[in-house]
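Student: Data: entry_38.pdb, PDB, C-alpha atoms.
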```
ATOM      1  CA  MET A   1       6.180   7.242  38.883
ATOM      2  CA  SER A   2       6.723   8.513  35.329
ATOM      3  CA  ALA A   3       9.700   9.969  33.534
ATOM      4  CA  VAL A   4      10.112  12.357  30.628
ATOM      5  CA  THR A   5      12.983  12.248  28.171
ATOM      6  CA  SER A   6      13.494  14.662  25.298
ATOM      7  CA  THR A   7      15.565  13.999  22.204
ATOM      8  CA  SER A   8      13.589  16.506  20.249
ATOM      9  CA  PRO A   9      13.108  16.770  16.504
ATOM     10  CA  ALA A  10      12.456  20.266  15.193
ATOM     11  CA  THR A  11       9.053  21.475  16.388
ATOM     12  CA  GLY A  12       8.531  23.560  13.250
ATOM     13  CA  SER A  13       8.358  20.402  11.146
ATOM     14  CA  ASP A  14       5.789  18.717  13.402
ATOM     15  CA  ARG A  15       3.264  17.250  10.973
ATOM     16  CA  TRP A  16       1.180  15.992  13.927
ATOM     17  CA  HIS A  17       0.854  19.414  15.557
ATOM     18  CA  HIS A  18      -2.871  19.688  14.755
ATOM     19  CA  TYR A  19      -3.721  15.985  15.040
ATOM     20  CA  GLY A  20      -5.704  15.144  18.151
ATOM     21  CA  THR A  21      -6.339  18.736  19.212
ATOM     22  CA  SER A  22     -10.020  17.856  19.616
ATOM     23  CA  SER A  23      -9.128  15.054  22.030
ATOM     24  CA  HIS A  24     -11.054  15.184  25.295
ATOM     25  CA  GLY A  25      -7.930  14.133  27.162
ATOM     26  CA  ARG A  26      -7.370  11.131  29.320
ATOM     27  CA  HIS A  27      -9.646   8.162  28.863
ATOM     28  CA  SER A  28      -9.615   4.534  29.899
ATOM     29  CA  ILE A  29      -9.524   1.616  27.510
ATOM     30  CA  SER A  30     -10.342  -1.967  28.466
ATOM     31  CA  CYS A  31      -8.311  -3.743  25.792
ATOM     32  CA  LEU A  32      -5.805  -3.002  23.055
ATOM     33  CA  HIS A  33      -7.373  -2.758  19.614
ATOM     34  CA  TRP A  34      -5.139  -3.022  16.564
ATOM     35  CA  ASP A  35      -7.683  -2.302  13.815
ATOM     36  CA  TRP A  36      -8.310   1.104  12.213
ATOM     37  CA  TYR A  37     -11.607   1.834  13.949
ATOM     38  CA  GLN A  38     -10.400   0.422  17.281
ATOM     39  CA  ARG A  39     -13.207  -2.059  17.877
ATOM     40  CA  ILE A  40     -12.532  -5.564  16.451
ATOM     41  CA  GLY A  41      -9.787  -8.106  15.999
ATOM     42  CA  PRO A  42      -7.211  -9.602  18.400
ATOM     43  CA  GLY A  43      -6.310  -7.764  21.576
ATOM     44  CA  ASP A  44      -3.675  -7.856  24.308
ATOM     45  CA  GLU A  45      -2.753 -11.449  23.507
ATOM     46  CA  LEU A  46      -0.652 -10.372  20.517
ATOM     47  CA  LEU A  47       1.874  -8.861  22.932
ATOM     48  CA  GLY A  48       2.252 -12.040  24.977
ATOM     49  CA  ASP A  49       2.868 -12.091  28.717
ATOM     50  CA  LEU A  50       4.383  -8.728  29.636
ATOM     51  CA  THR A  51       4.958  -9.452  33.313
ATOM     52  CA  GLY A  52       8.271  -7.887  34.283
ATOM     53  CA  ARG A  53       9.079  -6.970  30.656
ATOM     54  CA  THR A  54      10.390  -3.755  29.158
ATOM     55  CA  VAL A  55       8.135  -2.462  26.393
ATOM     56  CA  ALA A  56       8.161   0.444  23.934
ATOM     57  CA  GLU A  57       5.372   1.897  21.838
ATOM     58  CA  LEU A  58       6.769   3.318  18.594
ATOM     59  CA  GLY A  59       4.690   6.366  17.726
ATOM     60  CA  ALA A  60       2.615   6.523  20.895
ATOM     61  CA  GLY A  61       0.488   9.537  19.949
ATOM     62  CA  ALA A  62      -1.645  10.739  22.847
ATOM     63  CA  GLY A  63      -0.503   7.807  24.980
ATOM     64  CA  HIS A  64      -3.806   6.003  25.564
ATOM     65  CA  GLN A  65      -2.491   2.552  24.618
ATOM     66  CA  ALA A  66       0.865   2.971  26.364
ATOM     67  CA  ALA A  67      -0.894   4.017  29.579
ATOM     68  CA  TYR A  68      -3.110   0.933  29.390
ATOM     69  CA  VAL A  69      -0.129  -1.363  28.852
ATOM     70  CA  ALA A  70       1.736   0.197  31.777
ATOM     71  CA  ALA A  71      -1.224   0.171  34.149
ATOM     72  CA  GLU A  72      -2.917  -3.113  33.278
ATOM     73  CA  LEU A  73      -0.541  -5.624  31.681
ATOM     74  CA  GLY A  74       2.187  -5.961  34.293
ATOM     75  CA  ALA A  75       5.118  -4.567  32.323
ATOM     76  CA  ALA A  76       8.106  -3.438  34.353
ATOM     77  CA  ARG A  77       8.565  -0.354  32.187
ATOM     78  CA  VAL A  78       6.757   1.106  29.180
ATOM     79  CA  THR A  79       8.406   3.762  27.028
ATOM     80  CA  ALA A  80       6.051   5.892  24.916
ATOM     81  CA  ILE A  81       8.081   7.288  22.013
ATOM     82  CA  ASP A  82       6.809   9.972  19.668
ATOM     83  CA  SER A  83       8.583  12.392  17.346
ATOM     84  CA  SER A  84       5.784  14.982  17.575
ATOM     85  CA  ALA A  85       6.254  17.699  20.184
ATOM     86  CA  ALA A  86       2.485  18.201  20.337
ATOM     87  CA  GLN A  87       1.687  14.512  20.817
ATOM     88  CA  HIS A  88       4.473  14.130  23.369
ATOM     89  CA  THR A  89       3.075  17.029  25.394
ATOM     90  CA  ARG A  90      -0.487  15.670  25.217
ATOM     91  CA  SER A  91       0.522  12.190  26.352
ATOM     92  CA  ARG A  92       2.609  13.538  29.216
ATOM     93  CA  ASP A  93      -0.210  15.840  30.341
ATOM     94  CA  PHE A  94      -2.802  13.045  30.132
ATOM     95  CA  TYR A  95      -0.813  10.213  31.716
ATOM     96  CA  GLY A  96       2.153  11.690  33.560
ATOM     97  CA  ASP A  97       1.053  10.016  36.786
ATOM     98  CA  VAL A  98       0.986   6.436  35.463
ATOM     99  CA  CYS A  99       3.536   4.315  37.286
ATOM    100  CA  GLY A 100       6.192   2.734  35.089
ATOM    101  CA  LEU A 101       5.404   4.864  32.039
ATOM    102  CA  GLU A 102       8.215   6.919  30.486
ATOM    103  CA  PHE A 103       7.623   9.551  27.789
ATOM    104  CA  VAL A 104      10.281  10.146  25.141
ATOM    105  CA  HIS A 105      10.168  12.902  22.517
ATOM    106  CA  SER A 106      12.319  11.359  19.823
ATOM    107  CA  ASP A 107      12.412   9.844  16.389
ATOM    108  CA  ALA A 108      11.820   6.112  16.901
ATOM    109  CA  VAL A 109      14.834   5.067  14.835
ATOM    110  CA  GLY A 110      17.177   7.326  16.765
ATOM    111  CA  TYR A 111      15.892   6.110  20.131
ATOM    112  CA  LEU A 112      16.123   2.435  19.211
ATOM    113  CA  GLN A 113      19.632   2.778  17.830
ATOM    114  CA  THR A 114      20.871   4.345  21.052
ATOM    115  CA  HIS A 115      19.257   1.744  23.342
ATOM    116  CA  PRO A 116      20.608  -1.606  22.115
ATOM    117  CA  GLY A 117      19.374  -4.715  23.896
ATOM    118  CA  SER A 118      17.038  -2.719  26.141
ATOM    119  CA  LEU A 119      13.608  -4.044  25.132
ATOM    120  CA  ASP A 120      11.632  -7.264  25.331
ATOM    121  CA  VAL A 121       8.677  -6.027  23.269
ATOM    122  CA  ALA A 122       8.106  -3.173  20.821
ATOM    123  CA  TYR A 123       4.755  -2.384  19.227
ATOM    124  CA  SER A 124       3.137   0.155  16.926
ATOM    125  CA  ILE A 125      -0.548   0.805  16.216
ATOM    126  CA  PHE A 126      -0.582   2.810  12.971
ATOM    127  CA  GLY A 127       2.452   4.542  14.428
ATOM    128  CA  ALA A 128       6.129   4.726  13.549
ATOM    129  CA  LEU A 129       5.986   1.612  11.352
ATOM    130  CA  ASP A 130       3.605   3.509   9.072
ATOM    131  CA  PHE A 131       5.548   6.759   8.953
ATOM    132  CA  SER A 132       9.219   5.720   9.074
ATOM    133  CA  ASP A 133      11.263   3.991   6.409
ATOM    134  CA  PRO A 134      11.096   0.305   7.423
ATOM    135  CA  GLN A 135      14.567  -0.201   5.975
ATOM    136  CA  SER A 136      15.812   2.022   8.818
ATOM    137  CA  LEU A 137      13.271   1.254  11.519
ATOM    138  CA  LEU A 138      13.285  -2.547  11.364
ATOM    139  CA  PRO A 139      17.056  -2.971  11.818
ATOM    140  CA  ALA A 140      16.919  -0.382  14.613
ATOM    141  CA  ALA A 141      14.142  -2.362  16.307
ATOM    142  CA  ALA A 142      16.160  -5.559  15.955
ATOM    143  CA  MET A 143      19.096  -3.747  17.591
ATOM    144  CA  ALA A 144      16.992  -2.571  20.542
ATOM    145  CA  LEU A 145      15.246  -5.894  21.183
ATOM    146  CA  ARG A 146      16.856  -8.642  23.188
ATOM    147  CA  PRO A 147      17.259 -12.065  21.513
ATOM    148  CA  GLY A 148      13.804 -13.579  21.059
ATOM    149  CA  GLY A 149      12.176 -10.180  21.579
ATOM    150  CA  THR A 150       8.827  -9.427  19.990
ATOM    151  CA  LEU A 151       7.746  -6.779  17.495
ATOM    152  CA  VAL A 152       4.001  -6.315  16.934
ATOM    153  CA  PHE A 153       2.402  -3.753  14.649
ATOM    154  CA  SER A 154      -0.745  -2.876  12.765
ATOM    155  CA  THR A 155      -0.700  -1.018   9.475
ATOM    156  CA  LEU A 156      -3.055  -0.190   6.622
ATOM    157  CA  ALA A 157      -3.636  -3.124   4.276
ATOM    158  CA  HIS A 158      -4.592  -0.662   1.518
ATOM    159  CA  TYR A 159      -4.732   3.088   1.038
ATOM    160  CA  ARG A 160      -7.625   4.957   2.638
ATOM    161  CA  THR A 161      -8.839   5.708  -0.902
ATOM    162  CA  GLY A 162      -9.212   1.969  -1.492
ATOM    163  CA  ALA A 163      -6.157   1.814  -3.771
ATOM    164  CA  PRO A 164      -4.083  -1.354  -3.326
ATOM    165  CA  PRO A 165      -0.892  -1.404  -1.251
ATOM    166  CA  GLU A 166       2.572  -1.108  -2.727
ATOM    167  CA  THR A 167       4.261  -4.282  -3.952
ATOM    168  CA  GLU A 168       7.732  -2.915  -3.218
ATOM    169  CA  CYS A 169       9.134  -0.853  -0.350
ATOM    170  CA  ARG A 170       8.242   2.700  -1.309
ATOM    171  CA  PRO A 171       6.233   5.423   0.441
ATOM    172  CA  ALA A 172       3.495   7.713  -0.762
ATOM    173  CA  ASP A 173       3.101  11.397   0.060
ATOM    174  CA  ILE A 174      -0.116  12.081   1.956
ATOM    175  CA  PRO A 175      -1.541  15.498   2.832
ATOM    176  CA  THR A 176      -1.171  17.089   6.246
ATOM    177  CA  ARG A 177      -1.035  20.525   7.875
ATOM    178  CA  MET A 178       2.105  22.202   9.096
ATOM    179  CA  PRO A 179       2.130  23.868  12.540
ATOM    180  CA  ASP A 180       1.434  27.279  10.946
ATOM    181  CA  GLY A 181      -1.648  25.853   9.215
ATOM    182  CA  SER A 182      -0.142  25.733   5.728
ATOM    183  CA  PRO A 183      -0.615  22.579   3.641
ATOM    184  CA  GLY A 184       2.150  20.017   3.662
ATOM    185  CA  THR A 185       2.806  16.344   3.055
ATOM    186  CA  MET A 186       4.336  13.447   4.917
ATOM    187  CA  GLN A 187       5.357   9.978   3.844
ATOM    188  CA  ARG A 188       3.406   6.846   4.693
ATOM    189  CA  TRP A 189       4.387   3.269   3.906
ATOM    190  CA  VAL A 190       1.338   1.225   2.825
ATOM    191  CA  LEU A 191       2.810  -2.120   1.830
ATOM    192  CA  ASN A 192       1.510  -5.500   0.793
ATOM    193  CA  SER A 193       1.806  -8.074   3.585
ATOM    194  CA  SER A 194       4.264 -10.107   1.500
ATOM    195  CA  VAL A 195       6.563  -7.057   1.341
ATOM    196  CA  TRP A 196       6.377  -6.644   5.110
ATOM    197  CA  LYS A 197       7.286 -10.296   5.634
ATOM    198  CA  GLU A 198      10.256 -10.012   3.270
ATOM    199  CA  LEU A 199      11.477  -6.908   5.103
ATOM    200  CA  LEU A 200      11.100  -8.567   8.489
ATOM    201  CA  ASP A 201      13.121 -11.557   7.329
ATOM    202  CA  GLU A 202      15.809  -9.334   5.800
ATOM    203  CA  TYR A 203      16.270  -7.276   8.958
ATOM    204  CA  GLY A 204      16.441 -10.034  11.532
ATOM    205  CA  PHE A 205      12.897 -11.185  12.341
ATOM    206  CA  ASP A 206      10.818 -14.318  11.954
ATOM    207  CA  ALA A 207       7.202 -13.446  11.141
ATOM    208  CA  MET A 208       5.089 -15.426  13.623
ATOM    209  CA  HIS A 209       1.650 -14.032  12.821
ATOM    210  CA  CYS A 210       0.241 -12.199   9.829
ATOM    211  CA  HIS A 211      -3.476 -11.536   9.681
ATOM    212  CA  THR A 212      -5.808  -9.133   7.910
ATOM    213  CA  VAL A 213      -8.756  -7.650   9.806
ATOM    214  CA  ARG A 214     -11.483  -6.256   7.563
ATOM    215  CA  ASP A 215     -14.018  -3.753   8.878
ATOM    216  CA  PRO A 216     -16.835  -2.990   6.422
ATOM    217  CA  GLY A 217     -17.441   0.332   8.151
ATOM    218  CA  ARG A 218     -20.606   1.574   9.749
ATOM    219  CA  GLU A 219     -22.831   4.361   8.455
ATOM    220  CA  GLY A 220     -20.641   7.167   7.144
ATOM    221  CA  GLU A 221     -17.431   5.132   7.445
ATOM    222  CA  ALA A 222     -15.296   3.743   4.651
ATOM    223  CA  PRO A 223     -14.323   0.059   4.722
ATOM    224  CA  VAL A 224     -10.769  -0.369   6.021
ATOM    225  CA  ALA A 225      -8.566  -3.455   6.141
ATOM    226  CA  THR A 226      -5.751  -3.679   8.678
ATOM    227  CA  THR A 227      -2.665  -5.894   8.452
ATOM    228  CA  LEU A 228      -1.491  -7.239  11.818
ATOM    229  CA  LEU A 229       2.027  -8.592  12.105
ATOM    230  CA  ARG A 230       3.788 -10.264  15.011
ATOM    231  CA  ALA A 231       7.462 -11.104  14.636
ATOM    232  CA  ARG A 232      10.253 -12.447  16.797
ATOM    233  CA  LYS A 233      13.852 -11.321  16.692
ATOM    234  CA  LYS A 234      16.029 -14.086  15.302
ATOM    235  CA  HIS A 235      18.674 -15.433  17.620
ATOM    236  CA  GLY A 236      22.040 -14.168  16.492
ATOM    237  CA  SER A 237      20.571 -11.038  14.850
TER
END
```
Could you render the structure from this file as structure tokens?
Tutor:
Amino acid sequence: MSAVTSTSPATGSDRWHHYGTSSHGRHSISCLHWDWYQRIGPGDELLGDLTGRTVAELGAGAGHQAAYVAAELGAARVTAIDSSAAQHTRSRDFYGDVCGLEFVHSDAVGYLQTHPGSLDVAYSIFGALDFSDPQSLLPAAAMALRPGGTLVFSTLAHYRTGAPPETECRPADIPTRMPDGSPGTMQRWVLNSSVWKELLDEYGFDAMHCHTVRDPGREGEAPVATTLLRARKKHGS
């Protein structure tokens, strides 16, 4: 049985309105992939044993991964959070019948801040950790996780242009389309792995795993490196 919760950001500012409109809808996946092209690298094991756990995906998009986690990995409850009205609607339409999966239309920071101590595991696959200020999101995640809780996320190890990541915590403006089709921008944090580890430590986490997955790209694809991070909430944080 699924649930839908709405704490809705303004639809008119939905930078993801057009993203995924060509999606063919619901589809099954056999394993979590954390890399950019969704085909190599570690899988479910990064999340640990989810049996009976409460889990949240931060920036769940169309919901494919959250549905897999809810249906296949034994979690007691999975909350798929997304700030995009369009993505929230798609995920609910695709996977509204998945038992134990809850859909929330909300900014990830706002949701986490209002649900202290409610989660065992939070994860993001090029999701909210890429598009939210980590100086706000990481302390919010620490607040929402129980002591010893786990945060796992994948993020770009360099810009899609090949430019190196930032060596301090600052975002870049990247192009997007607004709901009315006009050009716009949104912020993305593409940070060096050492910056991520410093931020995790500052905001209450011990980095347990940091790994770079490099995909050379197939014909017509650009090489992309992905940084994978797994961290545990410090006791007393």
Student: Restrict the calculation to all atoms listed in the file, then for each residue of range 62-161 of chain A with any atom at most 12 Å from an atom of range 205-218 of chain A give the closest atom pair and their distance in Å to one decimal, rows by chain and rising residue number, as a tab-separated table.
Tutor:
```
residue	atom	partner	partner_atom	distance
A:Leu138	CA	A:Phe205	CA	8.7
A:Pro139	CA	A:Phe205	CA	9.2
A:Ala140	CA	A:Phe205	CA	11.7
A:Ala141	CA	A:Phe205	CA	9.8
A:Ala142	CA	A:Phe205	CA	7.4
A:Met143	CA	A:Phe205	CA	11.0
A:Leu145	CA	A:Phe205	CA	10.6
A:Arg146	CA	A:Phe205	CA	11.8
A:Pro147	CA	A:Phe205	CA	10.2
A:Gly148	CA	A:Phe205	CA	9.1
A:Gly149	CA	A:Phe205	CA	9.3
A:Thr150	CA	A:Phe205	CA	8.8
A:Leu151	CA	A:Phe205	CA	8.5
A:Val152	CA	A:His209	CA	9.1
A:Phe153	CA	A:Cys210	CA	10.0
A:Ser154	CA	A:Thr212	CA	9.4
A:Thr155	CA	A:Thr212	CA	9.7
A:Leu156	CA	A:Thr212	CA	9.4
A:Ala157	CA	A:Thr212	CA	7.4
A:His158	CA	A:Thr212	CA	10.7
```
Student: Go ahead and dump the residues you just picked, C-alpha atoms, as a PDB file, keeping the file's coordinate frame.
Tutor:
```
ATOM      1  CA  LEU A 138      13.285  -2.547  11.364  1.00  0.00           C
ATOM      2  CA  PRO A 139      17.056  -2.971  11.818  1.00  0.00           C
ATOM      3  CA  ALA A 140      16.919  -0.382  14.613  1.00  0.00           C
ATOM      4  CA  ALA A 141      14.142  -2.362  16.307  1.00  0.00           C
ATOM      5  CA  ALA A 142      16.160  -5.559  15.955  1.00  0.00           C
ATOM      6  CA  MET A 143      19.096  -3.747  17.591  1.00  0.00           C
ATOM      7  CA  LEU A 145      15.246  -5.894  21.183  1.00  0.00           C
ATOM      8  CA  ARG A 146      16.856  -8.642  23.188  1.00  0.00           C
ATOM      9  CA  PRO A 147      17.259 -12.065  21.513  1.00  0.00           C
ATOM     10  CA  GLY A 148      13.804 -13.579  21.059  1.00  0.00           C
ATOM     11  CA  GLY A 149      12.176 -10.180  21.579  1.00  0.00           C
ATOM     12  CA  THR A 150       8.827  -9.427  19.990  1.00  0.00           C
ATOM     13  CA  LEU A 151       7.746  -6.779  17.495  1.00  0.00           C
ATOM     14  CA  VAL A 152       4.001  -6.315  16.934  1.00  0.00           C
ATOM     15  CA  PHE A 153       2.402  -3.753  14.649  1.00  0.00           C
ATOM     16  CA  SER A 154      -0.745  -2.876  12.765  1.00  0.00           C
ATOM     17  CA  THR A 155      -0.700  -1.018   9.475  1.00  0.00           C
ATOM     18  CA  LEU A 156      -3.055  -0.190   6.622  1.00  0.00           C
ATOM     19  CA  ALA A 157      -3.636  -3.124   4.276  1.00  0.00           C
ATOM     20  CA  HIS A 158      -4.592  -0.662   1.518  1.00  0.00           C
TER      21      HIS A 158
END
```
Student: Out of A:Val224, A:Ala128, A:Ile81, A:Val69, which residue has the shortest atom-to-atom distance to Tyr111 in chain A when counting all atoms listed in the file?
Tutor: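 Looking only at the distances to Tyr111 in chain A, the closest residue turns out to be A:Ile81.
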Student: Enumerate, as a short mmCIF file (atom, residue, chain, number, x, y, z; two decimals) with C-alpha atoms, in the frame of the given file, the residues matched when the PyMOL selection byres ((chain A and resi 98) around 12) is run on the file above.
Tutor:
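So part28.cif came out as:
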```cif
data_model
loop_
_atom_site.label_atom_id
_atom_site.label_comp_id
_atom_site.auth_asym_id
_atom_site.auth_seq_id
_atom_site.Cartn_x
_atom_site.Cartn_y
_atom_site.Cartn_z
CA MET A 1 6.18 7.24 38.88
CA SER A 2 6.72 8.51 35.33
CA ALA A 3 9.70 9.97 33.53
CA VAL A 4 10.11 12.36 30.63
CA ARG A 26 -7.37 11.13 29.32
CA GLY A 63 -0.50 7.81 24.98
CA HIS A 64 -3.81 6.00 25.56
CA ALA A 66 0.86 2.97 26.36
CA ALA A 67 -0.89 4.02 29.58
CA TYR A 68 -3.11 0.93 29.39
CA VAL A 69 -0.13 -1.36 28.85
CA ALA A 70 1.74 0.20 31.78
CA ALA A 71 -1.22 0.17 34.15
CA GLU A 72 -2.92 -3.11 33.28
CA ARG A 77 8.56 -0.35 32.19
CA VAL A 78 6.76 1.11 29.18
CA THR A 79 8.41 3.76 27.03
CA ALA A 80 6.05 5.89 24.92
CA SER A 91 0.52 12.19 26.35
CA ARG A 92 2.61 13.54 29.22
CA ASP A 93 -0.21 15.84 30.34
CA PHE A 94 -2.80 13.04 30.13
CA TYR A 95 -0.81 10.21 31.72
CA GLY A 96 2.15 11.69 33.56
CA ASP A 97 1.05 10.02 36.79
CA CYS A 99 3.54 4.32 37.29
CA GLY A 100 6.19 2.73 35.09
CA LEU A 101 5.40 4.86 32.04
CA GLU A 102 8.22 6.92 30.49
CA PHE A 103 7.62 9.55 27.79
#
```
Student: If you apply the PyMOL selection byres ((chain A and resi 165) around 6) to this file, what residues do you get, as a PyMOL selection string?
Tutor: chain A and resi 158+164+166+190-192
Student: Mind pulling up the distance from CA of Leu50 in chain A to CA of Ala122 in chain A?
Tutor: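 We find that CA of Ala122 in chain A and CA of Leu50 in chain A lie 11.1 Å from each other.
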Student: What is the CA of Leu228 in chain A-CA of Cys31 in chain A distance in Å, reported with one decimal?
Tutor: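 Taking CA of Leu228 in chain A and CA of Cys31 in chain A, their separation equals 15.9 Å.
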Student: So how many Å separate CA of Cys169 in chain A and CA of Leu58 in chain A, to one decimal?
Tutor: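 Going from CA of Cys169 in chain A over to CA of Leu58 in chain A, I get 19.5 Å.
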Student: Would you mind putting N, CA and C atoms back on range 176-190 of chain A and writing the result as a short mmCIF file (atom, residue, chain, number, x, y, z; two decimals), in the coordinates of the input?
Tutor:
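New file out_23.cif:
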```
data_model
loop_
_atom_site.label_atom_id
_atom_site.label_comp_id
_atom_site.auth_asym_id
_atom_site.auth_seq_id
_atom_site.Cartn_x
_atom_site.Cartn_y
_atom_site.Cartn_z
N THR A 176 -1.10 16.76 4.83
CA THR A 176 -1.17 17.09 6.25
C THR A 176 -1.12 18.61 6.38
N ARG A 177 -1.18 19.09 7.61
CA ARG A 177 -1.03 20.52 7.88
C ARG A 177 0.22 20.77 8.70
N MET A 178 0.94 21.80 8.33
CA MET A 178 2.10 22.20 9.10
C MET A 178 1.64 22.97 10.34
N PRO A 179 2.53 23.15 11.32
CA PRO A 179 2.13 23.87 12.54
C PRO A 179 1.53 25.25 12.29
N ASP A 180 1.98 25.94 11.23
CA ASP A 180 1.43 27.28 10.95
C ASP A 180 0.13 27.22 10.15
N GLY A 181 -0.38 26.01 9.93
CA GLY A 181 -1.65 25.85 9.22
C GLY A 181 -1.52 25.69 7.72
N SER A 182 -0.33 25.87 7.17
CA SER A 182 -0.14 25.73 5.73
C SER A 182 -0.18 24.26 5.33
N PRO A 183 -0.56 23.97 4.08
CA PRO A 183 -0.62 22.58 3.64
C PRO A 183 0.79 21.99 3.51
N GLY A 184 0.88 20.72 3.80
CA GLY A 184 2.15 20.02 3.66
C GLY A 184 1.89 18.57 3.33
N THR A 185 2.93 17.79 3.29
CA THR A 185 2.81 16.34 3.06
C THR A 185 3.73 15.60 4.01
N MET A 186 3.42 14.33 4.21
CA MET A 186 4.34 13.45 4.92
C MET A 186 4.27 12.08 4.26
N GLN A 187 5.28 11.28 4.50
CA GLN A 187 5.36 9.98 3.84
C GLN A 187 4.71 8.90 4.70
N ARG A 188 4.00 8.00 4.02
CA ARG A 188 3.41 6.85 4.69
C ARG A 188 3.71 5.59 3.87
N TRP A 189 4.10 4.54 4.56
CA TRP A 189 4.39 3.27 3.91
C TRP A 189 3.16 2.37 4.02
N VAL A 190 2.50 2.11 2.90
CA VAL A 190 1.34 1.23 2.82
C VAL A 190 1.76 0.07 1.93
#
```
